[in-house]
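Structure below is query.cif: mmCIF, C-alpha atoms.
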data_target
#
loop_
_atom_site.group_PDB
_atom_site.id
_atom_site.type_symbol
_atom_site.label_atom_id
_atom_site.label_comp_id
_atom_site.auth_asym_id
_atom_site.auth_seq_id
_atom_site.Cartn_x
_atom_site.Cartn_y
_atom_site.Cartn_z
ATOM 1 C CA MET F 224 -22.017 23.088 5.375
ATOM 2 C CA THR F 225 -21.904 19.349 5.049
ATOM 3 C CA GLY F 226 -20.772 19.637 1.451
ATOM 4 C CA PHE F 227 -17.395 18.195 2.274
ATOM 5 C CA LEU F 228 -19.182 15.154 3.685
ATOM 6 C CA GLU F 229 -21.618 14.665 0.851
ATOM 7 C CA HIS F 230 -19.313 15.225 -2.095
ATOM 8 C CA ILE F 231 -16.541 12.686 -2.134
ATOM 9 C CA GLY F 232 -15.014 12.422 -5.564
ATOM 10 C CA LEU F 233 -12.148 10.922 -7.476
ATOM 11 C CA MET F 234 -9.925 13.798 -6.455
ATOM 12 C CA HIS F 235 -10.243 12.947 -2.759
ATOM 13 C CA PHE F 236 -8.952 9.430 -3.313
ATOM 14 C CA LEU F 237 -6.153 10.685 -5.555
ATOM 15 C CA THR F 238 -5.117 13.104 -2.824
ATOM 16 C CA VAL F 239 -4.941 10.348 -0.221
ATOM 17 C CA GLY F 240 -2.923 8.311 -2.707
ATOM 18 C CA ALA F 241 -0.542 11.218 -3.250
ATOM 19 C CA VAL F 242 0.000 11.657 0.484
ATOM 20 C CA LEU F 243 0.670 7.941 0.971
ATOM 21 C CA PHE F 244 3.056 7.974 -1.981
ATOM 22 C CA CYS F 245 5.037 10.891 -0.589
ATOM 23 C CA ALA F 246 5.157 9.331 2.880
ATOM 24 C CA GLY F 247 6.614 6.231 1.233
ATOM 25 C CA ILE F 248 9.196 8.262 -0.686
ATOM 26 C CA VAL F 249 10.231 10.059 2.508
ATOM 27 C CA THR F 250 10.584 6.699 4.255
ATOM 28 C CA VAL F 251 12.782 5.330 1.483
ATOM 29 C CA LEU F 252 14.970 8.431 1.494
ATOM 30 C CA ALA F 253 15.284 8.946 5.242
ATOM 31 C CA ARG F 254 15.822 5.438 6.571
ATOM 32 C CA ARG F 255 19.149 3.667 6.708
ATOM 33 C CA ASN F 256 17.719 0.365 7.848
ATOM 34 C CA ALA F 257 17.083 -1.812 4.791
ATOM 35 C CA VAL F 258 13.854 -3.138 6.319
ATOM 36 C CA GLY F 259 12.738 0.476 6.764
ATOM 37 C CA VAL F 260 13.358 1.090 3.082
ATOM 38 C CA LEU F 261 11.119 -1.897 2.311
ATOM 39 C CA ILE F 262 8.391 -0.412 4.509
ATOM 40 C CA GLY F 263 8.567 2.743 2.397
ATOM 41 C CA LEU F 264 8.331 0.695 -0.797
ATOM 42 C CA GLU F 265 5.173 -1.007 0.424
ATOM 43 C CA LEU F 266 3.616 2.381 1.128
ATOM 44 C CA VAL F 267 4.407 3.530 -2.408
ATOM 45 C CA LEU F 268 2.869 0.389 -3.922
ATOM 46 C CA ASN F 269 -0.229 0.810 -1.771
ATOM 47 C CA ALA F 270 -0.651 4.384 -2.939
ATOM 48 C CA ALA F 271 -0.430 3.255 -6.567
ATOM 49 C CA ASN F 272 -3.002 0.546 -5.909
ATOM 50 C CA LEU F 273 -5.370 3.000 -4.267
ATOM 51 C CA ASN F 274 -5.213 5.164 -7.386
ATOM 52 C CA LEU F 275 -5.875 2.156 -9.615
ATOM 53 C CA VAL F 276 -8.946 1.135 -7.635
ATOM 54 C CA ALA F 277 -10.238 4.712 -7.531
ATOM 55 C CA PHE F 278 -9.912 5.051 -11.314
ATOM 56 C CA ASP F 279 -11.630 1.684 -11.650
ATOM 57 C CA ARG F 280 -14.621 2.922 -9.643
ATOM 58 C CA PHE F 281 -14.899 6.339 -11.254
ATOM 59 C CA GLY F 282 -13.712 5.478 -14.731
ATOM 60 C CA PRO F 283 -15.576 4.051 -17.710
ATOM 61 C CA ALA F 284 -14.021 0.565 -17.791
ATOM 62 C CA PRO F 285 -15.122 -1.522 -14.840
ATOM 63 C CA LEU F 286 -12.821 -4.152 -13.334
ATOM 64 C CA ARG F 287 -9.681 -3.215 -15.247
ATOM 65 C CA GLY F 288 -8.171 -1.247 -12.413
ATOM 66 C CA SER F 289 -9.045 -3.929 -9.893
ATOM 67 C CA VAL F 290 -7.414 -6.688 -11.920
ATOM 68 C CA PHE F 291 -4.300 -4.558 -12.413
ATOM 69 C CA ALA F 292 -4.229 -3.916 -8.672
ATOM 70 C CA ILE F 293 -4.355 -7.657 -8.020
ATOM 71 C CA PHE F 294 -1.311 -8.168 -10.227
ATOM 72 C CA VAL F 295 0.475 -5.349 -8.411
ATOM 73 C CA LEU F 296 -0.366 -7.120 -5.156
ATOM 74 C CA ALA F 297 1.212 -10.366 -6.394
ATOM 75 C CA VAL F 298 4.354 -8.563 -7.547
ATOM 76 C CA ALA F 299 4.569 -6.713 -4.226
ATOM 77 C CA ALA F 300 4.405 -9.988 -2.321
ATOM 78 C CA ALA F 301 7.191 -11.499 -4.438
ATOM 79 C CA GLU F 302 9.243 -8.323 -4.112
ATOM 80 C CA ALA F 303 8.971 -8.325 -0.339
ATOM 81 C CA ALA F 304 10.015 -11.977 -0.111
ATOM 82 C CA ILE F 305 13.030 -11.594 -2.422
ATOM 83 C CA ALA F 306 14.182 -8.286 -0.966
ATOM 84 C CA LEU F 307 13.972 -9.640 2.563
ATOM 85 C CA ALA F 308 15.924 -12.731 1.531
ATOM 86 C CA ILE F 309 18.654 -10.482 0.116
ATOM 87 C CA VAL F 310 18.671 -8.290 3.222
ATOM 88 C CA LEU F 311 18.991 -11.336 5.496
ATOM 89 C CA ASN F 312 21.757 -12.718 3.307
ATOM 90 C CA VAL F 313 23.714 -9.477 3.456
ATOM 91 C CA PHE F 314 23.138 -9.317 7.189
ATOM 92 C CA ASP F 315 24.427 -12.870 7.572
ATOM 93 C CA SER F 316 27.599 -12.333 5.613
ATOM 94 C CA ARG F 317 28.425 -8.752 6.618
ATOM 95 C CA ASP F 318 26.534 -8.097 9.829
ATOM 96 C CA GLU F 319 25.180 -4.965 8.264
ATOM 97 C CA ILE F 320 21.753 -3.692 7.278
ATOM 98 C CA ASP F 321 22.646 -0.073 6.763
ATOM 99 C CA VAL F 322 21.955 0.593 3.091
ATOM 100 C CA ASP F 323 24.727 3.204 3.026
ATOM 101 C CA GLU F 324 27.381 0.759 4.197
ATOM 102 C CA VAL F 325 26.647 -2.000 1.716
ATOM 103 C CA SER F 326 28.483 -0.444 -1.195
ATOM 104 C CA ALA F 327 30.719 -3.195 -2.552
ATOM 105 C CA LEU F 328 29.133 -2.893 -5.996
ATOM 106 C CA LYS F 329 29.445 0.867 -6.084
ATOM 107 C CA GLY F 330 31.321 2.061 -9.164
ATOM 108 C CA MET V 235 -47.299 12.492 22.755
ATOM 109 C CA THR V 236 -43.571 11.970 22.598
ATOM 110 C CA PRO V 237 -41.795 11.811 19.278
ATOM 111 C CA SER V 238 -40.521 8.361 18.520
ATOM 112 C CA LEU V 239 -36.872 7.731 19.164
ATOM 113 C CA ALA V 240 -36.096 7.152 15.510
ATOM 114 C CA SER V 241 -37.218 10.618 14.548
ATOM 115 C CA LEU V 242 -34.783 12.154 17.017
ATOM 116 C CA ILE V 243 -31.762 10.618 15.349
ATOM 117 C CA PRO V 244 -30.767 12.689 12.321
ATOM 118 C CA ASP V 245 -30.737 10.868 9.023
ATOM 119 C CA LEU V 246 -27.087 10.199 8.318
ATOM 120 C CA THR V 247 -27.505 8.292 5.063
ATOM 121 C CA PRO V 248 -26.357 11.066 2.701
ATOM 122 C CA VAL V 249 -23.243 11.893 4.706
ATOM 123 C CA LEU V 250 -22.284 8.376 5.704
ATOM 124 C CA PRO V 251 -19.859 7.684 2.789
ATOM 125 C CA GLY V 252 -18.182 11.015 3.439
ATOM 126 C CA LEU V 253 -17.881 10.310 7.132
ATOM 127 C CA VAL V 254 -16.396 6.871 6.458
ATOM 128 C CA PHE V 255 -14.068 8.350 3.849
ATOM 129 C CA TRP V 256 -12.660 11.021 6.143
ATOM 130 C CA VAL V 257 -12.136 8.580 9.006
ATOM 131 C CA LEU V 258 -10.354 6.055 6.764
ATOM 132 C CA ALA V 259 -8.360 8.703 4.936
ATOM 133 C CA GLY V 260 -7.274 10.206 8.248
ATOM 134 C CA LEU V 261 -6.263 6.787 9.552
ATOM 135 C CA SER V 262 -4.245 6.005 6.399
ATOM 136 C CA VAL V 263 -2.518 9.367 6.220
ATOM 137 C CA VAL V 264 -1.671 9.638 9.915
ATOM 138 C CA SER V 265 -0.318 6.111 10.125
ATOM 139 C CA ALA V 266 1.628 6.459 6.872
ATOM 140 C CA VAL V 267 3.313 9.568 8.240
ATOM 141 C CA ALA V 268 3.946 7.680 11.480
ATOM 142 C CA ALA V 269 5.535 4.866 9.465
ATOM 143 C CA ALA V 270 7.754 7.408 7.757
ATOM 144 C CA MET V 271 8.783 9.256 10.900
ATOM 145 C CA ALA V 272 8.787 6.704 13.737
ATOM 146 C CA PRO V 273 12.248 6.538 15.291
ATOM 147 C CA LYS V 274 12.028 2.792 15.882
ATOM 148 C CA ILE V 275 11.648 0.424 12.995
ATOM 149 C CA VAL V 276 9.087 -1.750 14.812
ATOM 150 C CA HIS V 277 6.879 1.274 15.342
ATOM 151 C CA ALA V 278 7.186 2.033 11.643
ATOM 152 C CA ALA V 279 5.990 -1.508 10.918
ATOM 153 C CA PHE V 280 2.938 -0.995 13.122
ATOM 154 C CA GLY V 281 2.230 2.330 11.441
ATOM 155 C CA LEU V 282 2.390 0.479 8.147
ATOM 156 C CA MET V 283 -0.146 -2.029 9.445
ATOM 157 C CA ALA V 284 -2.619 0.718 10.331
ATOM 158 C CA ALA V 285 -2.073 2.280 6.903
ATOM 159 C CA PHE V 286 -2.827 -1.093 5.271
ATOM 160 C CA PHE V 287 -6.083 -1.356 7.196
ATOM 161 C CA GLY V 288 -7.023 2.203 6.247
ATOM 162 C CA VAL V 289 -6.375 1.521 2.570
ATOM 163 C CA ALA V 290 -8.339 -1.740 2.792
ATOM 164 C CA GLY V 291 -11.263 0.262 4.159
ATOM 165 C CA LEU V 292 -10.958 2.747 1.301
ATOM 166 C CA TYR V 293 -11.062 -0.169 -1.166
ATOM 167 C CA ALA V 294 -14.268 -1.365 0.473
ATOM 168 C CA LEU V 295 -15.703 2.143 0.241
ATOM 169 C CA LEU V 296 -14.866 2.100 -3.470
ATOM 170 C CA GLY V 297 -16.835 -1.122 -3.875
ATOM 171 C CA ALA V 298 -13.790 -3.338 -4.404
ATOM 172 C CA ASP V 299 -14.743 -5.943 -1.822
ATOM 173 C CA PHE V 300 -12.461 -8.696 -3.099
ATOM 174 C CA LEU V 301 -9.434 -6.434 -3.229
ATOM 175 C CA SER V 302 -10.188 -5.080 0.220
ATOM 176 C CA LEU V 303 -10.055 -8.545 1.769
ATOM 177 C CA THR V 304 -7.044 -9.524 -0.330
ATOM 178 C CA GLN V 305 -5.289 -6.418 0.931
ATOM 179 C CA VAL V 306 -5.778 -7.533 4.528
ATOM 180 C CA VAL V 307 -4.787 -11.143 3.837
ATOM 181 C CA VAL V 308 -1.745 -10.499 1.636
ATOM 182 C CA TYR V 309 -0.390 -7.247 3.041
ATOM 183 C CA VAL V 310 -1.187 -7.555 6.729
ATOM 184 C CA GLY V 311 -1.077 -11.332 6.922
ATOM 185 C CA GLY V 312 1.848 -11.834 4.583
ATOM 186 C CA ILE V 313 4.086 -8.917 3.774
ATOM 187 C CA LEU V 314 3.855 -7.225 7.158
ATOM 188 C CA VAL V 315 4.589 -10.443 9.033
ATOM 189 C CA LEU V 316 7.561 -10.933 6.721
ATOM 190 C CA LEU V 317 8.813 -7.424 7.493
ATOM 191 C CA VAL V 318 8.408 -7.950 11.240
ATOM 192 C CA PHE V 319 10.391 -11.172 10.897
ATOM 193 C CA GLY V 320 13.039 -9.154 9.100
ATOM 194 C CA VAL V 321 13.159 -6.694 11.983
ATOM 195 C CA LEU V 322 13.349 -9.600 14.417
ATOM 196 C CA LEU V 323 16.154 -11.422 12.621
ATOM 197 C CA THR V 324 18.269 -8.323 12.081
ATOM 198 C CA GLY V 325 17.597 -6.859 15.510
ATOM 199 C CA ARG V 326 20.803 -7.839 17.216
ATOM 200 C CA ALA V 327 23.046 -5.646 15.080
ATOM 201 C CA LYS V 328 24.152 -2.191 15.954
ATOM 202 C CA ALA V 329 21.499 -1.996 13.340
ATOM 203 C CA GLN V 330 18.690 -0.815 15.561
ATOM 204 C CA LEU V 331 19.005 2.009 13.125
ATOM 205 C CA GLY V 332 15.975 4.111 12.851
ATOM 206 C CA LEU V 333 16.233 7.355 11.026
ATOM 207 C CA GLU V 334 19.342 8.935 9.697
ATOM 208 C CA LYS V 335 21.024 12.067 10.999
ATOM 209 C CA PRO V 336 18.719 15.109 11.044
ATOM 210 C CA VAL V 337 20.267 16.596 7.915
ATOM 211 C CA ARG V 338 19.198 13.658 5.848
ATOM 212 C CA VAL V 339 15.730 13.475 7.386
ATOM 213 C CA GLY V 340 15.288 17.170 6.654
ATOM 214 C CA GLY V 341 16.325 16.652 3.055
ATOM 215 C CA ALA V 342 13.999 13.694 2.654
ATOM 216 C CA VAL V 343 11.050 15.563 4.167
ATOM 217 C CA ALA V 344 11.771 18.574 1.949
ATOM 218 C CA ALA V 345 11.900 16.379 -1.140
ATOM 219 C CA GLY V 346 8.720 14.579 -0.113
ATOM 220 C CA THR V 347 6.874 17.821 0.554
ATOM 221 C CA ALA V 348 7.950 19.253 -2.794
ATOM 222 C CA LEU V 349 6.765 16.077 -4.525
ATOM 223 C CA LEU V 350 3.468 16.201 -2.644
ATOM 224 C CA LEU V 351 2.894 19.818 -3.625
ATOM 225 C CA GLY V 352 3.611 18.953 -7.241
ATOM 226 C CA LEU V 353 1.193 16.031 -7.156
ATOM 227 C CA LEU V 354 -1.537 18.062 -5.480
ATOM 228 C CA LEU V 355 -1.047 20.792 -8.055
ATOM 229 C CA ALA V 356 -1.382 18.225 -10.823
ATOM 230 C CA ILE V 357 -4.552 16.820 -9.240
ATOM 231 C CA GLY V 358 -5.940 20.327 -8.822
ATOM 232 C CA LYS V 359 -5.140 21.271 -12.416
ATOM 233 C CA SER V 360 -6.554 18.117 -13.952
ATOM 234 C CA ASP V 361 -10.113 18.377 -15.115
ATOM 235 C CA LEU V 362 -11.985 16.103 -12.749
ATOM 236 C CA SER V 363 -15.126 18.215 -12.708
ATOM 237 C CA ARG V 364 -16.927 15.805 -14.987
ATOM 238 C CA SER V 365 -16.131 12.884 -12.734
ATOM 239 C CA PRO V 366 -19.198 12.057 -10.651
ATOM 240 C CA TRP V 367 -19.424 12.113 -6.866
ATOM 241 C CA LEU V 368 -19.188 8.823 -5.071
ATOM 242 C CA SER V 369 -22.828 9.091 -3.978
ATOM 243 C CA ASP V 370 -23.993 9.525 -7.580
ATOM 244 C CA LEU V 371 -22.406 6.310 -8.803
ATOM 245 C CA PRO V 372 -24.532 3.185 -9.154
ATOM 246 C CA GLU V 373 -24.592 0.854 -6.205
ATOM 247 C CA PRO V 374 -21.463 -1.327 -6.305
ATOM 248 C CA GLN V 375 -22.040 -4.938 -7.216
ATOM 249 C CA GLY V 376 -19.834 -7.568 -5.665
ATOM 250 C CA THR V 377 -16.671 -7.851 -7.729
ATOM 251 C CA THR V 378 -15.450 -11.298 -6.665
ATOM 252 C CA HIS V 379 -17.424 -13.281 -9.212
ATOM 253 C CA ALA V 380 -16.588 -10.931 -12.068
ATOM 254 C CA ILE V 381 -12.880 -10.884 -11.179
ATOM 255 C CA GLY V 382 -12.765 -14.667 -11.099
ATOM 256 C CA ARG V 383 -14.396 -14.840 -14.522
ATOM 257 C CA ALA V 384 -12.093 -12.190 -15.953
ATOM 258 C CA LEU V 385 -8.927 -13.840 -14.641
ATOM 259 C CA LEU V 386 -9.760 -17.204 -16.164
ATOM 260 C CA ASP V 387 -11.139 -15.918 -19.446
ATOM 261 C CA PRO V 388 -8.660 -16.650 -22.283
ATOM 262 C CA GLU V 389 -9.758 -13.446 -23.992
ATOM 263 C CA GLN V 390 -9.056 -11.335 -20.960
ATOM 264 C CA TYR V 391 -6.482 -12.057 -18.272
ATOM 265 C CA LEU V 392 -5.751 -15.780 -18.452
ATOM 266 C CA LEU V 393 -2.218 -15.339 -19.817
ATOM 267 C CA PRO V 394 -1.081 -12.730 -17.267
ATOM 268 C CA PHE V 395 -2.717 -14.791 -14.540
ATOM 269 C CA GLU V 396 -0.711 -17.892 -15.468
ATOM 270 C CA LEU V 397 2.446 -15.835 -15.876
ATOM 271 C CA VAL V 398 1.987 -14.437 -12.381
ATOM 272 C CA SER V 399 1.679 -17.932 -10.957
ATOM 273 C CA VAL V 400 4.951 -18.936 -12.629
ATOM 274 C CA PHE V 401 6.476 -15.669 -11.414
ATOM 275 C CA LEU V 402 5.419 -16.350 -7.839
ATOM 276 C CA LEU V 403 6.869 -19.842 -8.025
ATOM 277 C CA ALA V 404 10.155 -18.419 -9.337
ATOM 278 C CA ALA V 405 10.194 -15.833 -6.536
ATOM 279 C CA LEU V 406 9.538 -18.544 -3.945
ATOM 280 C CA VAL V 407 12.326 -20.766 -5.242
ATOM 281 C CA GLY V 408 14.645 -17.779 -5.535
ATOM 282 C CA ALA V 409 13.993 -16.638 -1.988
ATOM 283 C CA ALA V 410 14.517 -20.149 -0.634
ATOM 284 C CA TYR V 411 17.754 -20.411 -2.617
ATOM 285 C CA LEU V 412 19.020 -17.064 -1.346
ATOM 286 C CA VAL V 413 18.571 -17.803 2.336
ATOM 287 C CA ARG V 414 19.647 -21.452 2.331
ATOM 288 C CA ARG V 415 22.488 -22.358 4.642
ATOM 289 C CA ARG V 416 25.676 -23.101 2.764
ATOM 290 C CA ARG V 417 27.488 -26.222 3.926
ATOM 291 C CA ASP V 418 31.006 -25.022 3.289
ATOM 292 C CA ALA V 419 30.488 -21.603 4.789
ATOM 293 C CA SER V 420 31.392 -21.179 8.427
#

Starting from the file, lay out its structure as structure tokens.
Amino acid sequence: MTGFLEHIGLMHFLTVGAVLFCAGIVTVLARRNAVGVLIGLELVLNAANLNLVAFDRFGPAPLRGSVFAIFVLAVAAAEAAIALAIVLNVFDSRDEIDVDEVSALKG
Amino acid sequence: MTPSLASLIPDLTPVLPGLVFWVLAGLSVVSAVAAAMAPKIVHAAFGLMAAFFGVAGLYALLGADFLSLTQVVVYVGGILVLLVFGVLLTGRAKAQLGLEKPVRVGGAVAAGTALLLGLLLAIGKSDLSRSPWLSDLPEPQGTTHAIGRALLDPEQYLLPFELVSVFLLAALVGAAYLVRRRRDAS
């Protein structure tokens, strides 16, 4: 009866990662607020990192997944800083953070 | 003769990882969905914070102690604070925009659910039966020392490590450049 408590495997972590990923995708698609879109992006990156760490633990090559996850973390930090700078810039010049309204570059 | 107190408490050792996993997984999933669905953007940010903590706990459960702490420091202490500042600085607009009109939310949720089903199907189909259970794996050793060695080893990750430091510097300078106040502008 306690099998679901005793047997935690790779697949459990991948499932959590999949759910986080999809929650992030839904956030990106549903929100108009540019900061909300960034929140969704962070969820997606976290889901990817969770998968990397899980494969690191269950896979044959120790540490590789962890190191990759650290690099992802650094890129995510830079991405958040740059994206927020752009959002604030657009907000300053156009008084707008609705991603649907900022379409000056649209072809 | 009364049985000692210790013998009354059931031995939880075999189920403890599972218990911790389900609690952390539930926390991550619930708060991620809250971040996706919260009508107010600040609430979404707090949902994101709880999801970060849940994922950090899952890292710790997977034996990645260094990454677990880094997750808290960088994501919660850095990125989340940055996002909350973004909410703060853009708050005065009509832009207290939360979610879009119901049609679009419905479409997004439908797309997300379809994607989730596809992913779960892929996970179910993949042959993970040979992968061991978490409880069968060897005891995790601390990873901090090994990660430090690997990052500074020229035969392993020294080059990417240095590139990332240059990259972070470039991102820092770029962000500062983007948000600087122009003199000639109003």

Give me the residues of chain F that have any atom at most 6 Å from an atom of chain V; for each, the nearest atom pair and the distance in Å, rounded to one decimal. Use all atoms listed in the file, sort by chain and number, and format it as a tab-separated table.
residue	atom	partner	partner_atom	distance
F:Leu228	CA	V:Gly252	CA	4.3
F:Glu229	CA	V:Val249	CA	5.0
F:His230	CA	V:Trp367	CA	5.7
F:Ile231	CA	V:Leu368	CA	5.5
F:Gly232	CA	V:Trp367	CA	4.6
F:Cys245	CA	V:Gly346	CA	5.2
F:Ala246	CA	V:Val267	CA	5.7
F:Val249	CA	V:Ala342	CA	5.2
F:Thr250	CA	V:Ala270	CA	4.6
F:Leu252	CA	V:Ala342	CA	5.5
F:Ala253	CA	V:Val339	CA	5.0
F:Arg254	CA	V:Leu333	CA	4.9
F:Asn256	CA	V:Leu331	CA	5.7
F:Ala301	CA	V:Ala405	CA	5.7
F:Ile305	CA	V:Ala409	CA	5.2
F:Ala308	CA	V:Ala409	CA	5.6

With 5 Å of padding per side, what axis-aligned box (centre and edge lengths, Å, one decimal) covers all the listed atoms of stretch 304-307 of chain F? Give it as AutoDock Vina command-line options.
--center_x 12.1 --center_y -10.1 --center_z 0.1 --size_x 14.2 --size_y 13.7 --size_z 15.0

Residue with smallest distance to F:Ala271 - pool F:Ala327, F:Leu237, F:Val251, F:Val298, counting only C-alpha atoms: F:Leu237

For atom CA of F:Val242 and atom CA of F:Asn272, the interatomic separation in Å (one decimal):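 Atom CA of F:Val242 sits 13.2 Å away from atom CA of F:Asn272.
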
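Our summary of the geometry notes that atom CA of F:Arg255 is positioned 5.5 Å from atom CA of F:Val322.
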
The PyMOL selection byres ((chain F and resi 261) around 9) applied to the shown file, residues as a list in words: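 In the shown coordinates, the PyMOL selection byres ((chain F and resi 261) around 9) covers Thr250, Val251, Asn256, Ala257, Val258, Gly259, Val260, Ile262, Gly263, Leu264, Glu265, Leu266, Ala303, Ala306 and Leu307 of chain F; Leu317 of chain V.
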